[in-house]
Amino acid sequence: MKKIFKKIKELSSGEIMSNILDGSTEPDPSREQLKEIKKETIKSLEENPDFEAIVERQRKSFNLLYYSFAFIGSVCLIGVLLYLVSMLPRYGVENPRTVEVVKRYVENGLEETGAVNIVSGMILDYRAFDTLGESHVLFTALICVNILLRIDIKNMRSDYEDYYTIKRDVYYDMSHDGVLRLAAFVFSPCILTFGIYILLNGQISPGGGFSGGAVLGAGLILMSAGFGFDKVDKIFTLKINNIVTFSALTFYSFAKGYVFFTGANGIENHIPKGTPGAILSGGLILPLDIAVGIVVACTMFGFYSLFRRGSVASHING
Amino acid sequence: MTLEWIRFYMTAAFITIALSGFAFAVAGVWRFDYILNRMHAGGIGDTFSLFFLVTGLMISASAPIVIVKLLLPLLFMWFSSPTATHFLSQTEYYTNVHLFEHVKKKISGESNGH
């Protein structure tokens, strides 16, 4: 942290600061050098007399290969799809397999999962692996954005660019604005409370992990826009974000793995179902809903802050 | 029975006003070229028309809880829409280099909002 402050102080005393204030866009010197190297290689290639003939030959052979593979591939795909279509049941005729599954969900869903909201019972009990995969997709997306956009002392590209980004971020900080501050003051508690309500009511009413998590994430974004990143950073940093997301996903995997393992081997799993309609009902559905909601909220807020300023924690914000 | 009819007509009148306000808003957003004019037109739909729509629905509502619930979208929209508009106009003011050329044109009467 001290290193970063030192670096920013060094930069602010040098030429770079005056460049920023002038609004001039000085090109990166290393990039110029790269461009010249590229130009030189292209020149040397063009001076070669056989260059054009070689390129033309390669292009023709590539085109031949490309078109033949494209033709074969599309013919195969058309054949497979037509064959599969011929195997589908006719429209309007009752398909015994789908009816069986739907009947099972509607008739035994309440009894087997303990959730009044049958959709919740389906996505978090019968098809919990599907939801686990969806949560992992969100987590993977957050990791990728983190890798690509995070600004850190270790991966500063060139001093100029990132310093400029940080300065601009401070300049365009919206939290000094009275209108937004008032709106955030009035609404962020309401939105956060509403998000928690949706999250906890997943098994007895429409709602659940994904929608509740999205509302919670929106509330966090409004908070950080209205009160400034410093206020949110006191309770929520990149490290906390990663730890919370990881533990939520791990809990989900182990809890559902236990239930599936015991269920497949015909062992009692000792998880109480509770009375349908109460908040503490539905067995594992409520904790799993909370885990999914936490992952969604963390992903949304992480996306916002990474795209906004390239970091979740404030240590870079001189 | 008469009261029911009065209620129905009042609801119909309020909702008609609201819908015509929305029609003006849509026309304005489509017809104007400049962002601040468009924002003004859109704001009419978000505040004026929404107020009349919600009032009409409140008059036709049967239970008190429905009236309270209908107040919520009005409250949220009346807070969030001006906030968003405020930031849009602020961004336009700070980032548009040709802002004052547009204003000069307006004053001299060369441009008529198009």
# chains A, B, ... in the order shown; residues from 1 in each chain; ligands from 1
$ residues_around --residues "Pro73 (chain B)" --least-positions-apart "5" --cutoff "10 Å" --atoms "only C-alpha atoms" --output "ChimeraX atom specification"
/B:50-51,54,68,78-79
$ write_last_selection --atoms "N, CA and C atoms" --output "mmCIF file, in the first residue's frame"
data_model
loop_
_atom_site.group_PDB
_atom_site.id
_atom_site.type_symbol
_atom_site.label_atom_id
_atom_site.label_comp_id
_atom_site.auth_asym_id
_atom_site.auth_seq_id
_atom_site.Cartn_x
_atom_site.Cartn_y
_atom_site.Cartn_z
ATOM 1 N N LEU B 50 -47.256 8.888 -15.274
ATOM 2 C CA LEU B 50 -47.263 7.858 -14.246
ATOM 3 C C LEU B 50 -48.167 8.266 -13.090
ATOM 4 N N PHE B 51 -48.125 9.554 -12.739
ATOM 5 C CA PHE B 51 -48.989 10.031 -11.656
ATOM 6 C C PHE B 51 -50.455 9.794 -11.988
ATOM 7 N N VAL B 54 -51.355 5.966 -12.016
ATOM 8 C CA VAL B 54 -51.456 5.371 -10.683
ATOM 9 C C VAL B 54 -52.687 5.901 -9.953
ATOM 10 N N VAL B 68 -51.932 1.300 -1.130
ATOM 11 C CA VAL B 68 -50.590 1.483 -0.565
ATOM 12 C C VAL B 68 -49.535 0.869 -1.476
ATOM 13 N N TRP B 78 -40.574 8.393 -9.087
ATOM 14 C CA TRP B 78 -40.377 9.836 -8.908
ATOM 15 C C TRP B 78 -39.029 10.151 -8.286
ATOM 16 N N PHE B 79 -38.435 9.160 -7.600
ATOM 17 C CA PHE B 79 -37.082 9.376 -7.112
ATOM 18 C C PHE B 79 -36.049 9.046 -8.176
#
$ residues_around --residues "Gly219 (chain A)" --least-positions-apart "6" --cutoff "7 Å" --atoms "only C-alpha atoms" --output "list in words"
Ser188, Ile191 and Leu192 of chain A
$ closest_atom_pairs --of "chain B" --to "chain A" --cutoff "9 Å" --atoms "only C-alpha atoms" --output "Markdown table"
| residue | atom | partner | partner_atom | distance |
| --- | --- | --- | --- | --- |
| B:Phe76 | CA | A:Phe187 | CA | 8.3 |
| B:Phe79 | CA | A:Ala183 | CA | 6.6 |
| B:Ser80 | CA | A:Ala183 | CA | 7.2 |
| B:Pro82 | CA | A:Val179 | CA | 8.9 |
| B:Thr83 | CA | A:Leu180 | CA | 6.3 |
| B:Ala84 | CA | A:Leu180 | CA | 8.7 |
| B:His86 | CA | A:Val179 | CA | 8.1 |
| B:Phe87 | CA | A:Leu180 | CA | 8.7 |
$ write_last_selection --atoms "N, CA and C atoms" --output "compact mmCIF listing (two decimals), in the first residue's frame"
# COMPACT_ATOMS: atom_id res chain seq x y z
N PHE B 76 -40.93 5.21 -6.15
CA PHE B 76 -39.65 4.80 -6.72
C PHE B 76 -39.35 5.53 -8.02
N PHE B 79 -38.43 9.16 -7.60
CA PHE B 79 -37.08 9.38 -7.11
C PHE B 79 -36.05 9.05 -8.18
N SER B 80 -36.19 7.85 -8.78
CA SER B 80 -35.10 7.34 -9.61
C SER B 80 -35.03 8.03 -10.97
N PRO B 82 -35.81 11.29 -11.93
CA PRO B 82 -35.07 12.56 -11.92
C PRO B 82 -33.58 12.38 -11.63
N THR B 83 -33.24 11.39 -10.78
CA THR B 83 -31.81 11.15 -10.51
C THR B 83 -31.08 10.76 -11.78
N ALA B 84 -31.67 9.83 -12.52
CA ALA B 84 -31.04 9.37 -13.76
C ALA B 84 -30.95 10.52 -14.77
N HIS B 86 -30.84 13.69 -14.15
CA HIS B 86 -29.85 14.63 -13.66
C HIS B 86 -28.45 14.23 -14.12
N PHE B 87 -28.14 12.94 -14.01
CA PHE B 87 -26.80 12.51 -14.40
C PHE B 87 -26.60 12.52 -15.90
$ residues_around --residues "Thr11 (chain B)" --least-positions-apart "3" --cutoff "12 Å" --atoms "only C-alpha atoms" --output "PyMOL selection string"
chain B and resi 4-8+14-18+52-61
$ select_by_dssp --residues "chain B" --states "alpha helix (DSSP H)" --output "NGL selection string"
:B and (2-31 or 35-44 or 50-60 or 64-95 or 99-108)
$ atom_distance --atom1 "CA of Gly302 (chain A)" --atom2 "CA of Thr237 (chain A)"
9.4 Å
$ residues_around --residues "Ala41 (chain B)" --least-positions-apart "4" --cutoff "10 Å" --atoms "only C-alpha atoms" --output "list in words"
Gly21, Phe22, Phe24, Ala25, Val26, Ala27, Gly28, Val29, Trp30, Arg31, Phe32, Ile35, Leu36, Asn37, Gly45 and Asp46 of chain B
$ write_last_selection --atoms "N, CA and C atoms" --output "compact mmCIF listing (two decimals), in the first residue's frame"
# COMPACT_ATOMS: atom_id res chain seq x y z
N GLY B 21 -50.45 11.31 -22.29
CA GLY B 21 -49.13 11.77 -21.87
C GLY B 21 -48.03 10.86 -22.36
N PHE B 22 -48.25 9.55 -22.27
CA PHE B 22 -47.26 8.61 -22.78
C PHE B 22 -47.08 8.76 -24.28
N PHE B 24 -47.45 11.51 -26.03
CA PHE B 24 -46.61 12.70 -26.24
C PHE B 24 -45.15 12.39 -25.96
N ALA B 25 -44.92 11.62 -24.88
CA ALA B 25 -43.54 11.29 -24.51
C ALA B 25 -42.86 10.49 -25.62
N VAL B 26 -43.58 9.49 -26.14
CA VAL B 26 -43.00 8.65 -27.20
C VAL B 26 -42.73 9.49 -28.45
N ALA B 27 -43.71 10.33 -28.80
CA ALA B 27 -43.53 11.17 -29.99
C ALA B 27 -42.34 12.09 -29.82
N GLY B 28 -42.20 12.67 -28.60
CA GLY B 28 -41.09 13.58 -28.37
C GLY B 28 -39.76 12.87 -28.45
N VAL B 29 -39.67 11.68 -27.85
CA VAL B 29 -38.40 10.94 -27.88
C VAL B 29 -38.03 10.59 -29.31
N TRP B 30 -39.06 10.32 -30.14
CA TRP B 30 -38.75 9.96 -31.53
C TRP B 30 -38.44 11.18 -32.38
N ARG B 31 -39.14 12.28 -32.12
CA ARG B 31 -39.07 13.39 -33.06
C ARG B 31 -37.90 14.33 -32.80
N PHE B 32 -37.59 14.58 -31.51
CA PHE B 32 -36.52 15.54 -31.22
C PHE B 32 -35.16 14.95 -31.56
N ILE B 35 -30.41 15.74 -27.26
CA ILE B 35 -30.63 14.85 -26.12
C ILE B 35 -31.41 15.53 -24.99
N LEU B 36 -31.16 16.82 -24.78
CA LEU B 36 -31.86 17.46 -23.65
C LEU B 36 -33.35 17.59 -23.93
N ASN B 37 -33.69 17.88 -25.20
CA ASN B 37 -35.11 17.92 -25.57
C ASN B 37 -35.76 16.55 -25.41
N GLY B 45 -43.37 11.49 -19.61
CA GLY B 45 -43.96 10.16 -19.44
C GLY B 45 -43.68 9.59 -18.07
N ASP B 46 -42.45 9.84 -17.56
CA ASP B 46 -42.06 9.20 -16.32
C ASP B 46 -42.71 9.83 -15.09
$ residues_around --residues "Tyr258 (chain A)" --least-positions-apart "5" --cutoff "9 Å" --atoms "only C-alpha atoms" --output "PyMOL selection string"
chain A and resi 253+263+269
$ atom_distance --atom1 "CA of Gly226 (chain A)" --atom2 "CA of Asp173 (chain A)"
9.4 Å
$ decode --residues "region 44-180 of chain A" --atoms "C-alpha atoms" --output "PDB file, in the first residue's frame"
ATOM      1  CA  SER A  44      11.379  -7.221 -45.733  1.00  0.00           C
ATOM      2  CA  LEU A  45       8.625  -9.633 -46.725  1.00  0.00           C
ATOM      3  CA  GLU A  46       7.436  -7.378 -49.527  1.00  0.00           C
ATOM      4  CA  GLU A  47      10.921  -7.035 -50.937  1.00  0.00           C
ATOM      5  CA  ASN A  48      11.040 -10.801 -51.462  1.00  0.00           C
ATOM      6  CA  PRO A  49      10.082 -11.433 -55.172  1.00  0.00           C
ATOM      7  CA  ASP A  50       8.223 -14.693 -54.526  1.00  0.00           C
ATOM      8  CA  PHE A  51       6.267 -13.206 -51.665  1.00  0.00           C
ATOM      9  CA  GLU A  52       3.022 -12.536 -53.514  1.00  0.00           C
ATOM     10  CA  ALA A  53       3.023 -15.905 -55.286  1.00  0.00           C
ATOM     11  CA  ILE A  54       3.529 -17.748 -51.998  1.00  0.00           C
ATOM     12  CA  VAL A  55       0.721 -15.853 -50.329  1.00  0.00           C
ATOM     13  CA  GLU A  56      -1.609 -16.506 -53.257  1.00  0.00           C
ATOM     14  CA  ARG A  57      -0.867 -20.249 -53.258  1.00  0.00           C
ATOM     15  CA  GLN A  58      -1.411 -20.505 -49.524  1.00  0.00           C
ATOM     16  CA  ARG A  59      -4.663 -18.603 -49.767  1.00  0.00           C
ATOM     17  CA  LYS A  60      -5.983 -20.892 -52.506  1.00  0.00           C
ATOM     18  CA  SER A  61      -5.139 -24.104 -50.693  1.00  0.00           C
ATOM     19  CA  PHE A  62      -6.641 -22.762 -47.492  1.00  0.00           C
ATOM     20  CA  ASN A  63      -9.831 -21.791 -49.313  1.00  0.00           C
ATOM     21  CA  LEU A  64     -10.149 -25.256 -50.860  1.00  0.00           C
ATOM     22  CA  LEU A  65      -9.712 -26.921 -47.461  1.00  0.00           C
ATOM     23  CA  TYR A  66     -12.075 -24.492 -45.770  1.00  0.00           C
ATOM     24  CA  TYR A  67     -14.910 -24.913 -48.282  1.00  0.00           C
ATOM     25  CA  SER A  68     -14.639 -28.707 -48.430  1.00  0.00           C
ATOM     26  CA  PHE A  69     -14.703 -29.017 -44.642  1.00  0.00           C
ATOM     27  CA  ALA A  70     -17.580 -26.565 -44.412  1.00  0.00           C
ATOM     28  CA  PHE A  71     -19.599 -28.559 -46.968  1.00  0.00           C
ATOM     29  CA  ILE A  72     -18.964 -31.922 -45.289  1.00  0.00           C
ATOM     30  CA  GLY A  73     -19.691 -30.506 -41.863  1.00  0.00           C
ATOM     31  CA  SER A  74     -22.967 -28.915 -42.815  1.00  0.00           C
ATOM     32  CA  VAL A  75     -24.169 -32.031 -44.670  1.00  0.00           C
ATOM     33  CA  CYS A  76     -23.390 -34.169 -41.609  1.00  0.00           C
ATOM     34  CA  LEU A  77     -25.147 -31.700 -39.295  1.00  0.00           C
ATOM     35  CA  ILE A  78     -28.244 -31.579 -41.517  1.00  0.00           C
ATOM     36  CA  GLY A  79     -28.385 -35.385 -41.621  1.00  0.00           C
ATOM     37  CA  VAL A  80     -28.055 -35.782 -37.850  1.00  0.00           C
ATOM     38  CA  LEU A  81     -30.678 -33.116 -37.161  1.00  0.00           C
ATOM     39  CA  LEU A  82     -33.168 -34.596 -39.655  1.00  0.00           C
ATOM     40  CA  TYR A  83     -32.665 -38.049 -38.141  1.00  0.00           C
ATOM     41  CA  LEU A  84     -33.303 -36.655 -34.647  1.00  0.00           C
ATOM     42  CA  VAL A  85     -36.398 -34.792 -35.812  1.00  0.00           C
ATOM     43  CA  SER A  86     -37.798 -38.053 -37.191  1.00  0.00           C
ATOM     44  CA  MET A  87     -37.413 -39.566 -33.718  1.00  0.00           C
ATOM     45  CA  LEU A  88     -39.431 -36.831 -31.940  1.00  0.00           C
ATOM     46  CA  PRO A  89     -43.001 -37.636 -30.918  1.00  0.00           C
ATOM     47  CA  ARG A  90     -45.643 -36.064 -33.161  1.00  0.00           C
ATOM     48  CA  TYR A  91     -47.117 -32.747 -32.121  1.00  0.00           C
ATOM     49  CA  GLY A  92     -50.259 -33.142 -30.049  1.00  0.00           C
ATOM     50  CA  VAL A  93     -49.642 -36.779 -29.250  1.00  0.00           C
ATOM     51  CA  GLU A  94     -49.113 -37.429 -25.557  1.00  0.00           C
ATOM     52  CA  ASN A  95     -45.508 -38.208 -24.777  1.00  0.00           C
ATOM     53  CA  PRO A  96     -45.417 -40.654 -21.856  1.00  0.00           C
ATOM     54  CA  ARG A  97     -41.928 -39.679 -20.686  1.00  0.00           C
ATOM     55  CA  THR A  98     -42.514 -35.921 -20.244  1.00  0.00           C
ATOM     56  CA  VAL A  99     -45.929 -36.481 -18.694  1.00  0.00           C
ATOM     57  CA  GLU A 100     -44.380 -38.832 -16.178  1.00  0.00           C
ATOM     58  CA  VAL A 101     -41.825 -36.247 -15.022  1.00  0.00           C
ATOM     59  CA  VAL A 102     -44.364 -33.410 -14.810  1.00  0.00           C
ATOM     60  CA  LYS A 103     -46.786 -35.613 -12.891  1.00  0.00           C
ATOM     61  CA  ARG A 104     -44.083 -36.547 -10.429  1.00  0.00           C
ATOM     62  CA  TYR A 105     -43.140 -32.901  -9.833  1.00  0.00           C
ATOM     63  CA  VAL A 106     -46.698 -31.662  -9.420  1.00  0.00           C
ATOM     64  CA  GLU A 107     -48.024 -34.515  -7.326  1.00  0.00           C
ATOM     65  CA  ASN A 108     -45.063 -35.450  -5.130  1.00  0.00           C
ATOM     66  CA  GLY A 109     -43.074 -32.215  -5.247  1.00  0.00           C
ATOM     67  CA  LEU A 110     -44.469 -30.721  -2.048  1.00  0.00           C
ATOM     68  CA  GLU A 111     -44.127 -33.952  -0.156  1.00  0.00           C
ATOM     69  CA  GLU A 112     -40.623 -34.802  -1.323  1.00  0.00           C
ATOM     70  CA  THR A 113     -38.970 -31.370  -1.209  1.00  0.00           C
ATOM     71  CA  GLY A 114     -41.079 -29.574   1.396  1.00  0.00           C
ATOM     72  CA  ALA A 115     -41.247 -26.419  -0.722  1.00  0.00           C
ATOM     73  CA  VAL A 116     -44.573 -24.761  -1.525  1.00  0.00           C
ATOM     74  CA  ASN A 117     -42.975 -23.049  -4.520  1.00  0.00           C
ATOM     75  CA  ILE A 118     -42.567 -25.996  -6.866  1.00  0.00           C
ATOM     76  CA  VAL A 119     -40.154 -24.153  -9.152  1.00  0.00           C
ATOM     77  CA  SER A 120     -37.766 -23.704  -6.226  1.00  0.00           C
ATOM     78  CA  GLY A 121     -38.178 -27.357  -5.383  1.00  0.00           C
ATOM     79  CA  MET A 122     -37.254 -28.275  -8.931  1.00  0.00           C
ATOM     80  CA  ILE A 123     -34.215 -26.058  -9.453  1.00  0.00           C
ATOM     81  CA  LEU A 124     -32.710 -26.560  -6.007  1.00  0.00           C
ATOM     82  CA  ASP A 125     -33.715 -30.126  -5.231  1.00  0.00           C
ATOM     83  CA  TYR A 126     -34.433 -32.307  -8.235  1.00  0.00           C
ATOM     84  CA  ARG A 127     -32.101 -30.428 -10.569  1.00  0.00           C
ATOM     85  CA  ALA A 128     -29.616 -28.944  -8.120  1.00  0.00           C
ATOM     86  CA  PHE A 129     -26.587 -29.792 -10.255  1.00  0.00           C
ATOM     87  CA  ASP A 130     -27.932 -27.548 -12.986  1.00  0.00           C
ATOM     88  CA  THR A 131     -28.110 -24.610 -10.566  1.00  0.00           C
ATOM     89  CA  LEU A 132     -24.649 -25.440  -9.255  1.00  0.00           C
ATOM     90  CA  GLY A 133     -23.333 -25.217 -12.808  1.00  0.00           C
ATOM     91  CA  GLU A 134     -25.040 -21.865 -13.328  1.00  0.00           C
ATOM     92  CA  SER A 135     -23.457 -20.487 -10.164  1.00  0.00           C
ATOM     93  CA  HIS A 136     -20.082 -21.706 -11.347  1.00  0.00           C
ATOM     94  CA  VAL A 137     -20.598 -19.959 -14.683  1.00  0.00           C
ATOM     95  CA  LEU A 138     -21.074 -16.679 -12.803  1.00  0.00           C
ATOM     96  CA  PHE A 139     -18.017 -17.348 -10.660  1.00  0.00           C
ATOM     97  CA  THR A 140     -15.907 -18.142 -13.733  1.00  0.00           C
ATOM     98  CA  ALA A 141     -17.065 -14.940 -15.430  1.00  0.00           C
ATOM     99  CA  LEU A 142     -16.059 -12.943 -12.344  1.00  0.00           C
ATOM    100  CA  ILE A 143     -12.622 -14.593 -12.342  1.00  0.00           C
ATOM    101  CA  CYS A 144     -12.124 -13.810 -16.042  1.00  0.00           C
ATOM    102  CA  VAL A 145     -13.096 -10.155 -15.585  1.00  0.00           C
ATOM    103  CA  ASN A 146     -10.761 -10.041 -12.597  1.00  0.00           C
ATOM    104  CA  ILE A 147      -7.870 -11.391 -14.673  1.00  0.00           C
ATOM    105  CA  LEU A 148      -8.495  -9.017 -17.565  1.00  0.00           C
ATOM    106  CA  LEU A 149      -9.374  -5.747 -15.851  1.00  0.00           C
ATOM    107  CA  ARG A 150      -7.806  -5.700 -12.425  1.00  0.00           C
ATOM    108  CA  ILE A 151      -5.341  -2.902 -11.794  1.00  0.00           C
ATOM    109  CA  ASP A 152      -2.606  -3.832  -9.375  1.00  0.00           C
ATOM    110  CA  ILE A 153       0.895  -2.723  -8.596  1.00  0.00           C
ATOM    111  CA  LYS A 154       2.163  -6.023 -10.022  1.00  0.00           C
ATOM    112  CA  ASN A 155       0.480  -5.737 -13.406  1.00  0.00           C
ATOM    113  CA  MET A 156       0.543  -2.039 -14.218  1.00  0.00           C
ATOM    114  CA  ARG A 157       0.969  -1.963 -17.970  1.00  0.00           C
ATOM    115  CA  SER A 158       2.708   1.353 -18.228  1.00  0.00           C
ATOM    116  CA  ASP A 159       2.789   3.978 -15.547  1.00  0.00           C
ATOM    117  CA  TYR A 160       1.037   6.493 -17.722  1.00  0.00           C
ATOM    118  CA  GLU A 161      -2.078   4.547 -18.713  1.00  0.00           C
ATOM    119  CA  ASP A 162      -3.118   3.210 -15.341  1.00  0.00           C
ATOM    120  CA  TYR A 163      -2.268   6.384 -13.546  1.00  0.00           C
ATOM    121  CA  TYR A 164      -4.490   8.219 -15.987  1.00  0.00           C
ATOM    122  CA  THR A 165      -7.325   5.737 -15.379  1.00  0.00           C
ATOM    123  CA  ILE A 166      -7.124   6.182 -11.623  1.00  0.00           C
ATOM    124  CA  LYS A 167      -7.005   9.974 -11.838  1.00  0.00           C
ATOM    125  CA  ARG A 168      -9.987  10.041 -14.170  1.00  0.00           C
ATOM    126  CA  ASP A 169     -11.860   7.750 -11.822  1.00  0.00           C
ATOM    127  CA  VAL A 170     -11.359  10.159  -8.943  1.00  0.00           C
ATOM    128  CA  TYR A 171     -12.363  13.074 -11.158  1.00  0.00           C
ATOM    129  CA  TYR A 172     -15.635  11.497 -12.291  1.00  0.00           C
ATOM    130  CA  ASP A 173     -16.570  10.228  -8.832  1.00  0.00           C
ATOM    131  CA  MET A 174     -20.313  10.768  -8.563  1.00  0.00           C
ATOM    132  CA  SER A 175     -20.568  10.486  -4.790  1.00  0.00           C
ATOM    133  CA  HIS A 176     -20.109  14.221  -4.212  1.00  0.00           C
ATOM    134  CA  ASP A 177     -23.439  14.833  -5.901  1.00  0.00           C
ATOM    135  CA  GLY A 178     -26.255  15.694  -3.508  1.00  0.00           C
ATOM    136  CA  VAL A 179     -29.054  14.251  -5.640  1.00  0.00           C
ATOM    137  CA  LEU A 180     -27.537  10.801  -5.922  1.00  0.00           C
TER     138      LEU A 180
END
